[in-house]
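Next comes target_3.cif, a file with mmCIF, C-alpha atoms.
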data_input
loop_
_atom_site.label_atom_id
_atom_site.label_comp_id
_atom_site.auth_asym_id
_atom_site.auth_seq_id
_atom_site.Cartn_x
_atom_site.Cartn_y
_atom_site.Cartn_z
CA MET A 1346 97.58 93.21 112.13
CA GLU A 1347 93.96 93.85 113.18
CA GLU A 1348 94.59 97.59 113.09
CA ALA A 1349 95.90 97.31 109.51
CA LYS A 1350 92.83 95.29 108.49
CA GLU A 1351 90.52 97.94 109.95
CA ARG A 1352 92.38 100.74 108.14
CA VAL A 1353 92.08 98.90 104.83
CA LEU A 1354 88.38 98.14 105.33
CA ARG A 1355 87.71 101.80 106.20
CA TYR A 1356 89.67 102.98 103.14
CA LEU A 1357 87.73 100.63 100.86
CA LYS A 1358 84.40 101.93 102.22
CA GLU A 1359 85.44 105.59 101.86
CA HIS A 1360 86.50 105.40 98.21
CA ASN A 1361 84.61 104.78 94.99
CA THR A 1362 86.94 104.10 92.08
CA LEU A 1363 89.40 101.31 91.50
CA THR A 1364 91.86 100.78 88.69
CA LEU A 1365 91.63 97.21 87.43
CA ALA A 1366 94.63 95.70 85.63
CA THR A 1367 94.07 92.64 83.46
CA TRP A 1368 96.35 90.59 81.23
CA GLU A 1369 95.44 88.54 78.21
CA GLN A 1370 97.50 87.24 75.30
CA GLU A 1371 100.66 89.14 76.11
CA ARG A 1372 98.90 92.49 76.49
CA PRO A 1373 98.11 94.40 79.67
CA TRP A 1374 95.07 96.61 80.18
CA ALA A 1375 93.94 98.96 82.95
CA THR A 1376 90.55 100.57 83.46
CA ALA A 1377 88.82 102.66 86.11
CA LEU A 1378 85.57 101.31 87.61
CA PHE A 1379 83.16 102.17 90.40
CA TYR A 1380 83.18 99.46 93.07
CA ALA A 1381 81.44 98.54 96.29
CA SER A 1382 83.16 96.50 98.98
CA ASP A 1383 81.92 93.64 101.12
CA GLY A 1384 84.70 93.14 103.60
CA PHE A 1385 87.79 92.81 101.43
CA ASP A 1386 85.86 91.55 98.38
CA LEU A 1387 85.05 94.12 95.70
CA PHE A 1388 82.04 94.14 93.35
CA PHE A 1389 81.81 96.07 90.11
CA LEU A 1390 79.40 96.24 87.17
CA SER A 1391 80.62 95.99 83.62
CA ASP A 1392 79.49 95.24 80.09
CA PRO A 1393 80.71 91.72 79.22
CA LYS A 1394 82.00 93.01 75.86
CA THR A 1395 84.49 95.49 77.32
CA ARG A 1396 88.16 94.70 76.91
CA HIS A 1397 88.69 94.07 80.64
CA SER A 1398 85.66 91.75 80.84
CA VAL A 1399 86.87 89.78 77.82
CA ASP A 1400 90.33 89.61 79.40
CA LEU A 1401 88.80 88.23 82.62
CA GLU A 1402 87.15 85.40 80.71
CA ALA A 1403 90.58 84.28 79.51
CA ASN A 1404 92.58 85.11 82.65
CA PRO A 1405 90.88 85.90 85.99
CA ILE A 1406 94.09 87.00 87.74
CA VAL A 1407 93.97 90.76 88.37
CA ALA A 1408 95.72 93.62 90.09
CA VAL A 1409 93.83 96.55 91.61
CA THR A 1410 94.78 99.96 92.93
CA ILE A 1411 92.62 102.41 94.87
CA GLN A 1412 94.01 105.84 95.69
CA GLU A 1413 93.35 109.55 95.62
CA ASP A 1414 95.17 112.23 93.64
CA TYR A 1415 97.39 113.64 96.38
CA GLN A 1416 99.32 116.91 96.20
CA GLU A 1417 102.01 115.96 98.73
CA TRP A 1418 103.91 112.70 99.06
CA ALA A 1419 103.54 112.76 102.85
CA SER A 1420 99.75 112.39 102.47
CA ILE A 1421 99.76 109.42 100.09
CA LYS A 1422 97.57 106.49 101.05
CA GLY A 1423 96.30 103.70 98.87
CA VAL A 1424 95.51 100.06 98.32
CA GLN A 1425 97.29 97.67 96.00
CA MET A 1426 95.73 94.26 95.59
CA GLU A 1427 96.25 91.05 93.67
CA GLY A 1428 93.58 88.43 93.36
CA ARG A 1429 91.01 86.84 91.09
CA ALA A 1430 87.91 88.26 89.45
CA TYR A 1431 84.79 86.20 88.83
CA VAL A 1432 81.52 86.79 87.06
CA VAL A 1433 78.81 86.69 89.74
CA VAL A 1434 76.33 83.98 88.77
CA GLU A 1435 75.01 82.46 91.99
CA GLU A 1436 71.86 84.14 93.33
CA GLU A 1437 73.26 84.48 96.86
CA ASP A 1438 76.37 86.29 95.58
CA MET A 1439 74.17 88.36 93.26
CA ALA A 1440 71.97 89.40 96.19
CA ARG A 1441 75.04 90.45 98.18
CA ALA A 1442 76.48 92.38 95.21
CA VAL A 1443 73.19 94.23 94.70
CA ALA A 1444 72.83 95.05 98.40
CA VAL A 1445 76.32 96.53 98.81
CA TYR A 1446 76.18 98.29 95.44
CA VAL A 1447 72.87 100.10 96.01
CA GLU A 1448 73.92 100.98 99.56
CA LYS A 1449 76.89 102.85 98.07
CA TYR A 1450 75.24 104.00 94.82
CA PRO A 1451 71.46 104.30 95.34
CA PHE A 1452 71.01 105.92 91.92
CA VAL A 1453 71.56 102.57 90.16
CA ALA A 1454 68.65 100.82 91.90
CA GLY A 1455 66.25 101.30 88.97
CA TYR A 1456 68.80 100.00 86.47
CA LEU A 1457 69.58 97.01 88.67
CA ARG A 1458 65.85 96.32 89.07
CA LEU A 1459 65.58 95.82 85.31
CA MET A 1460 68.71 93.69 85.32
CA MET A 1461 67.55 91.52 88.23
CA SER A 1462 64.00 90.76 87.08
CA PRO A 1463 64.78 87.01 86.76
CA PHE A 1464 65.70 86.92 90.47
CA ALA A 1465 62.45 87.41 92.39
CA ARG A 1466 64.04 87.82 95.83
CA ILE A 1467 66.48 90.44 94.58
CA ALA A 1468 63.77 92.24 92.59
CA ILE A 1469 61.58 92.50 95.71
CA PHE A 1470 64.53 93.87 97.70
CA LEU A 1471 65.12 96.51 95.03
CA ASP A 1472 61.42 97.43 94.84
CA ARG A 1473 61.42 98.06 98.60
CA PHE A 1474 64.70 99.95 98.40
CA MET A 1475 63.41 102.23 95.62
CA GLU A 1476 60.27 103.07 97.61
CA LYS A 1477 62.55 104.91 100.06
CA LEU A 1478 64.28 107.00 97.38
CA SER A 1479 63.06 110.48 96.54
CA PHE A 1480 64.47 110.36 93.01
CA ILE A 1481 65.47 107.52 90.73
CA PRO A 1482 67.26 108.61 87.56
CA HIS A 1483 66.54 106.82 84.32
CA LEU A 1484 69.67 105.07 83.20
CA PRO A 1485 69.92 103.70 79.67
CA ALA A 1486 69.57 99.96 79.33
CA ALA A 1487 72.95 98.37 78.76
CA PRO A 1488 74.12 94.82 79.16
CA ALA A 1489 76.06 94.46 82.38
CA ARG A 1490 77.13 91.80 84.79
CA PHE A 1491 78.43 91.92 88.31
CA TYR A 1492 82.01 90.85 88.87
CA LYS A 1493 83.58 90.00 92.21
CA ILE A 1494 87.25 90.51 93.01
CA VAL A 1495 88.53 88.22 95.75
CA PRO A 1496 91.93 89.35 97.01
CA LYS A 1497 94.87 87.07 97.61
CA ARG A 1498 97.17 89.83 98.91
CA ILE A 1499 96.59 93.46 99.83
CA TRP A 1500 99.17 96.14 100.50
CA PHE A 1501 98.14 99.38 102.17
CA THR A 1502 100.48 102.33 101.76
CA ASP A 1503 100.14 105.07 104.36
CA ASN A 1504 102.78 107.78 104.18
CA GLU A 1505 101.08 109.60 107.05
CA VAL A 1506 102.51 106.88 109.32
CA LYS A 1507 105.96 107.26 107.69
CA PHE A 1508 107.33 107.51 104.18
CA GLY A 1509 106.92 104.19 102.40
CA ASN A 1510 104.91 102.56 105.19
CA ARG A 1511 103.18 99.46 103.79
CA ASP A 1512 101.11 96.88 105.58
CA GLN A 1513 100.57 93.54 103.86
CA LEU A 1514 97.52 91.32 104.32
CA GLU A 1515 97.32 87.75 102.97
CA PHE A 1516 94.18 85.68 102.45
#
I need this file expressed as structure tokens, please.
Amino acid sequence: MEEAKERVLRYLKEHNTLTLATWEQERPWATALFYASDGFDLFFLSDPKTRHSVDLEANPIVAVTIQEDYQEWASIKGVQMEGRAYVVVEEEDMARAVAVYVEKYPFVAGYLRLMMSPFARIAIFLDRFMEKLSFIPHLPAAPARFYKIVPKRIWFTDNEVKFGNRDQLEF
């Protein structure tokens, strides 16, 4: 089981885009989002007015997939996950979200700095982080919040082990 956990954690670190499935009022929705992982937890940024964010307000239960676009079935690997998504509101969680997000996507540091101005500790961290960057692109101001996906179950498909090989992790 430890080997399966390590393979999933490595896969989460090596990939960038998840597909988030939400459900609200008898209608499903799926959207692609950049994410950063902290262990098995996933953080993403989103405008609170998007359909998936509105859905999460009504129903926090989600499904997630992370995979590549493979050419051969024997190479297929990917993560399927079910869990809950939360708006990140506590400063400690916010600090963790910012840290893992800028580690993976340094180009958003300037945008996050504007977003985090009410949180002095996080703003100082971002100021120090940006001092090390050679280039910080200007990103347009847009309302966004961090969301955290906490998994309940994860399945990891790895057809390189054998066709249909799936490891299941429960939390």
Can you tell me which residues surround A:Lys1358 at a distance of at most 9 Å, considering all atoms listed in the file, apart from same-chain residues fewer than 5 positions away, and format the answer as a PyMOL selection string?
chain A and resi 1353+1381-1384+1449
Using only C-alpha atoms, please write the residues we just selected to a file, as an mmCIF file, in the frame of the given file.
data_model
loop_
_atom_site.group_PDB
_atom_site.id
_atom_site.type_symbol
_atom_site.label_atom_id
_atom_site.label_comp_id
_atom_site.auth_asym_id
_atom_site.auth_seq_id
_atom_site.Cartn_x
_atom_site.Cartn_y
_atom_site.Cartn_z
ATOM 1 C CA VAL A 1353 92.080 98.900 104.830
ATOM 2 C CA ALA A 1381 81.440 98.540 96.290
ATOM 3 C CA SER A 1382 83.160 96.500 98.980
ATOM 4 C CA ASP A 1383 81.920 93.640 101.120
ATOM 5 C CA GLY A 1384 84.700 93.140 103.600
ATOM 6 C CA LYS A 1449 76.890 102.850 98.070
#
Using all atoms listed in the file, determine which residues lie at most 9 Å from A:Lys1422, disregarding the query and same-chain residues fewer than 5 positions distant; provide the list as a ChimeraX atom specification.
/A:1356,1411-1413,1415,1501-1505
Output C-alpha atoms of each residue in that selection to a file, as a JSON list (two decimals), keeping the file's coordinate frame.
[["chain", "number", "residue", "atom", "x", "y", "z"],
["A", 1356, "TYR", "CA", 89.67, 102.98, 103.14],
["A", 1411, "ILE", "CA", 92.62, 102.41, 94.87],
["A", 1412, "GLN", "CA", 94.01, 105.84, 95.69],
["A", 1413, "GLU", "CA", 93.35, 109.55, 95.62],
["A", 1415, "TYR", "CA", 97.39, 113.64, 96.38],
["A", 1501, "PHE", "CA", 98.14, 99.38, 102.17],
["A", 1502, "THR", "CA", 100.48, 102.33, 101.76],
["A", 1503, "ASP", "CA", 100.14, 105.07, 104.36],
["A", 1504, "ASN", "CA", 102.78, 107.78, 104.18],
["A", 1505, "GLU", "CA", 101.08, 109.60, 107.05]]
Nearest-residue call for A:Val1407, choices A:Trp1500, A:Trp1368, A:Tyr1450, A:Phe1379, using only C-alpha atoms:
A:Trp1368
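As for atom CA of A:Ala1419 and atom CA of A:His1360, they are spaced 19.1 Å apart.
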Can you list, as a list in words, the residues that the PyMOL selection byres ((chain A and resi 1516) around 10) selects here?
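Taken over the shown coordinates, the PyMOL selection byres ((chain A and resi 1516) around 10) returns Phe1385, Gly1428, Val1495, Pro1496, Lys1497, Arg1498, Ile1499, Leu1514 and Glu1515 of chain A.
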Could you write those residues out with C-alpha atoms, as an mmCIF file, keeping the file's coordinate frame?
data_model
loop_
_atom_site.group_PDB
_atom_site.id
_atom_site.type_symbol
_atom_site.label_atom_id
_atom_site.label_comp_id
_atom_site.auth_asym_id
_atom_site.auth_seq_id
_atom_site.Cartn_x
_atom_site.Cartn_y
_atom_site.Cartn_z
ATOM 1 C CA PHE A 1385 87.790 92.810 101.430
ATOM 2 C CA GLY A 1428 93.580 88.430 93.360
ATOM 3 C CA VAL A 1495 88.530 88.220 95.750
ATOM 4 C CA PRO A 1496 91.930 89.350 97.010
ATOM 5 C CA LYS A 1497 94.870 87.070 97.610
ATOM 6 C CA ARG A 1498 97.170 89.830 98.910
ATOM 7 C CA ILE A 1499 96.590 93.460 99.830
ATOM 8 C CA LEU A 1514 97.520 91.320 104.320
ATOM 9 C CA GLU A 1515 97.320 87.750 102.970
#
Interatomic distance (Å, one decimal) between atom CA of A:Pro1405 and atom CA of A:Pro1488
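Between these atoms lies a distance of 20.2 Å.
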List the neighbours of A:Ala1489 out to 8 Å using only C-alpha atoms; skip same-chain residues closer than 4 positions along the sequence, and give me the result as a compact mmCIF listing (two decimals) with C-alpha atoms, in the frame of the given file.
# COMPACT_ATOMS: atom_id res chain seq x y z
CA LEU A 1390 79.40 96.24 87.17
CA SER A 1391 80.62 95.99 83.62
CA ASP A 1392 79.49 95.24 80.09
CA PRO A 1393 80.71 91.72 79.22
CA MET A 1460 68.71 93.69 85.32
How far is it from atom CA of A:Val1424 to atom CA of A:Glu1348, in Å with one decimal?
15.0 Å
Residues returned when the PyMOL selection byres ((chain A and resi 1364) around 9) runs on this file, as a PyMOL selection string:
chain A and resi 1362-1363+1365-1366+1375-1379+1408-1412
Write out as JSON, numbers by chain the residues lying within 8 Å of A:Leu1471, counting all atoms listed in the file and excluding same-chain residues fewer than 4 positions away.
{"A": [1454, 1455, 1457, 1458, 1467, 1475]}
In terms of the shortest atom-to-atom distance over only C-alpha atoms, which of A:Leu1354, A:Ile1494, A:Ala1440, A:Val1432 is closest to A:Val1399?
A:Val1432
Measuring between only C-alpha atoms, which one of A:Glu1436, A:Phe1474, A:Glu1402, A:Asp1512 shows the shortest distance to A:Val1453?
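Among the listed residues, the smallest separation from A:Val1453 belongs to A:Phe1474.
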When you count all atoms listed in the file, which of these residues is closest to A:Tyr1380: A:Trp1418, A:Tyr1446, A:Phe1464, A:Phe1508?
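Among A:Trp1418, A:Tyr1446, A:Phe1464, A:Phe1508, it is A:Tyr1446 that comes nearest to A:Tyr1380.
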Which residue is closest to A:Met1426? Choose from A:Leu1478, A:Ala1465, A:Val1506, A:Leu1387 and count all atoms listed in the file.
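The answer is A:Leu1387, which sits nearest to A:Met1426.
Distances from A:Lys1350, A:Glu1371, A:Ile1406, A:Leu1401 to A:Arg1429 were compared using all atoms listed in the file, and the smallest one belongs to A:Ile1406.
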Give as an mmCIF file with C-alpha atoms, in the coordinates of the input the set of residues within 12 Å of the point (77.6, 86.1, 92.1), where distances use the file's coordinates and all atoms listed in the file.
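Saved to result_38.cif:
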data_model
loop_
_atom_site.group_PDB
_atom_site.id
_atom_site.type_symbol
_atom_site.label_atom_id
_atom_site.label_comp_id
_atom_site.auth_asym_id
_atom_site.auth_seq_id
_atom_site.Cartn_x
_atom_site.Cartn_y
_atom_site.Cartn_z
ATOM 1 C CA ASP A 1386 85.860 91.550 98.380
ATOM 2 C CA LEU A 1387 85.050 94.120 95.700
ATOM 3 C CA PHE A 1388 82.040 94.140 93.350
ATOM 4 C CA PHE A 1389 81.810 96.070 90.110
ATOM 5 C CA LEU A 1390 79.400 96.240 87.170
ATOM 6 C CA ALA A 1430 87.910 88.260 89.450
ATOM 7 C CA TYR A 1431 84.790 86.200 88.830
ATOM 8 C CA VAL A 1432 81.520 86.790 87.060
ATOM 9 C CA VAL A 1433 78.810 86.690 89.740
ATOM 10 C CA VAL A 1434 76.330 83.980 88.770
ATOM 11 C CA GLU A 1435 75.010 82.460 91.990
ATOM 12 C CA GLU A 1436 71.860 84.140 93.330
ATOM 13 C CA GLU A 1437 73.260 84.480 96.860
ATOM 14 C CA ASP A 1438 76.370 86.290 95.580
ATOM 15 C CA MET A 1439 74.170 88.360 93.260
ATOM 16 C CA ALA A 1440 71.970 89.400 96.190
ATOM 17 C CA ARG A 1441 75.040 90.450 98.180
ATOM 18 C CA ALA A 1442 76.480 92.380 95.210
ATOM 19 C CA VAL A 1443 73.190 94.230 94.700
ATOM 20 C CA ALA A 1444 72.830 95.050 98.400
ATOM 21 C CA ARG A 1490 77.130 91.800 84.790
ATOM 22 C CA PHE A 1491 78.430 91.920 88.310
ATOM 23 C CA TYR A 1492 82.010 90.850 88.870
ATOM 24 C CA LYS A 1493 83.580 90.000 92.210
ATOM 25 C CA ILE A 1494 87.250 90.510 93.010
ATOM 26 C CA VAL A 1495 88.530 88.220 95.750
#
Could you give me stretch 1489-1500 of chain A completed to all heavy atoms, formatted as a compact mmCIF listing (two decimals), in the frame of the given file?
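The result, written out as out17.txt:
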# COMPACT_ATOMS: atom_id res chain seq x y z
N ALA A 1489 75.03 94.40 81.34
CA ALA A 1489 76.06 94.46 82.38
C ALA A 1489 75.96 93.23 83.24
O ALA A 1489 74.89 92.62 83.35
CB ALA A 1489 75.90 95.72 83.22
N ARG A 1490 77.08 92.89 83.83
CA ARG A 1490 77.13 91.80 84.79
C ARG A 1490 77.90 92.28 86.00
O ARG A 1490 78.73 93.19 85.90
CB ARG A 1490 77.85 90.59 84.20
CG ARG A 1490 77.13 89.97 83.03
CD ARG A 1490 77.77 88.67 82.63
NE ARG A 1490 79.07 88.89 82.00
CZ ARG A 1490 79.74 87.98 81.32
NH1 ARG A 1490 79.22 86.78 81.17
NH2 ARG A 1490 80.89 88.24 80.79
N PHE A 1491 77.63 91.66 87.13
CA PHE A 1491 78.43 91.92 88.31
C PHE A 1491 79.66 91.01 88.26
O PHE A 1491 79.59 89.85 87.87
CB PHE A 1491 77.65 91.61 89.59
CG PHE A 1491 76.92 92.79 90.14
CD1 PHE A 1491 75.53 92.82 90.09
CD2 PHE A 1491 77.60 93.85 90.71
CE1 PHE A 1491 74.84 93.90 90.60
CE2 PHE A 1491 76.92 94.94 91.23
CZ PHE A 1491 75.53 94.96 91.17
N TYR A 1492 80.76 91.58 88.70
CA TYR A 1492 82.01 90.85 88.87
C TYR A 1492 82.43 91.01 90.33
O TYR A 1492 82.15 92.03 90.96
CB TYR A 1492 83.11 91.41 87.97
CG TYR A 1492 82.83 91.20 86.50
CD1 TYR A 1492 81.97 92.03 85.81
CD2 TYR A 1492 83.42 90.15 85.81
CE1 TYR A 1492 81.70 91.83 84.46
CE2 TYR A 1492 83.17 89.95 84.46
CZ TYR A 1492 82.31 90.79 83.79
OH TYR A 1492 82.05 90.59 82.47
N LYS A 1493 83.11 89.99 90.83
CA LYS A 1493 83.58 90.00 92.21
C LYS A 1493 85.09 89.77 92.20
O LYS A 1493 85.57 88.80 91.60
CB LYS A 1493 82.89 88.89 93.01
CG LYS A 1493 83.32 88.77 94.44
CD LYS A 1493 82.56 87.61 95.10
CE LYS A 1493 82.89 87.45 96.56
NZ LYS A 1493 82.13 86.34 97.16
N ILE A 1494 85.81 90.67 92.86
CA ILE A 1494 87.25 90.51 93.01
C ILE A 1494 87.51 89.98 94.42
O ILE A 1494 87.09 90.58 95.40
CB ILE A 1494 87.99 91.84 92.80
CG1 ILE A 1494 87.75 92.36 91.38
CG2 ILE A 1494 89.49 91.66 93.08
CD1 ILE A 1494 88.24 93.77 91.16
N VAL A 1495 88.17 88.84 94.48
CA VAL A 1495 88.53 88.22 95.75
C VAL A 1495 90.04 88.35 95.89
O VAL A 1495 90.80 87.79 95.09
CB VAL A 1495 88.10 86.73 95.80
CG1 VAL A 1495 88.53 86.08 97.10
CG2 VAL A 1495 86.59 86.61 95.58
N PRO A 1496 90.49 89.11 96.89
CA PRO A 1496 91.93 89.35 97.01
C PRO A 1496 92.70 88.15 97.54
O PRO A 1496 92.17 87.35 98.31
CB PRO A 1496 92.01 90.51 98.00
CG PRO A 1496 90.79 90.39 98.82
CD PRO A 1496 89.73 89.82 97.91
N LYS A 1497 93.93 88.05 97.08
CA LYS A 1497 94.87 87.07 97.61
C LYS A 1497 95.86 87.79 98.54
O LYS A 1497 96.19 87.30 99.59
CB LYS A 1497 95.62 86.38 96.48
CG LYS A 1497 96.58 85.32 96.92
CD LYS A 1497 97.20 84.61 95.75
CE LYS A 1497 98.14 83.52 96.25
NZ LYS A 1497 98.82 82.87 95.14
N ARG A 1498 96.29 88.98 98.11
CA ARG A 1498 97.17 89.83 98.91
C ARG A 1498 96.74 91.28 98.75
O ARG A 1498 96.34 91.69 97.68
CB ARG A 1498 98.62 89.71 98.44
CG ARG A 1498 99.30 88.45 98.84
CD ARG A 1498 100.78 88.47 98.42
NE ARG A 1498 101.27 87.12 98.34
CZ ARG A 1498 101.19 86.34 97.26
NH1 ARG A 1498 100.68 86.80 96.17
NH2 ARG A 1498 101.65 85.11 97.30
N ILE A 1499 96.87 92.03 99.84
CA ILE A 1499 96.59 93.46 99.83
C ILE A 1499 97.76 94.17 100.51
O ILE A 1499 98.25 93.72 101.54
CB ILE A 1499 95.28 93.81 100.59
CG1 ILE A 1499 94.07 93.20 99.88
CG2 ILE A 1499 95.12 95.32 100.73
CD1 ILE A 1499 92.75 93.42 100.62
N TRP A 1500 98.18 95.26 99.90
CA TRP A 1500 99.17 96.14 100.50
C TRP A 1500 98.49 97.49 100.72
O TRP A 1500 97.80 97.98 99.83
CB TRP A 1500 100.39 96.33 99.60
CG TRP A 1500 101.16 95.07 99.40
CD1 TRP A 1500 102.25 94.65 100.12
CD2 TRP A 1500 100.94 94.07 98.40
NE1 TRP A 1500 102.69 93.44 99.63
CE2 TRP A 1500 101.91 93.07 98.57
CE3 TRP A 1500 100.01 93.92 97.37
CZ2 TRP A 1500 101.98 91.94 97.77
CZ3 TRP A 1500 100.07 92.80 96.57
CH2 TRP A 1500 101.05 91.83 96.77
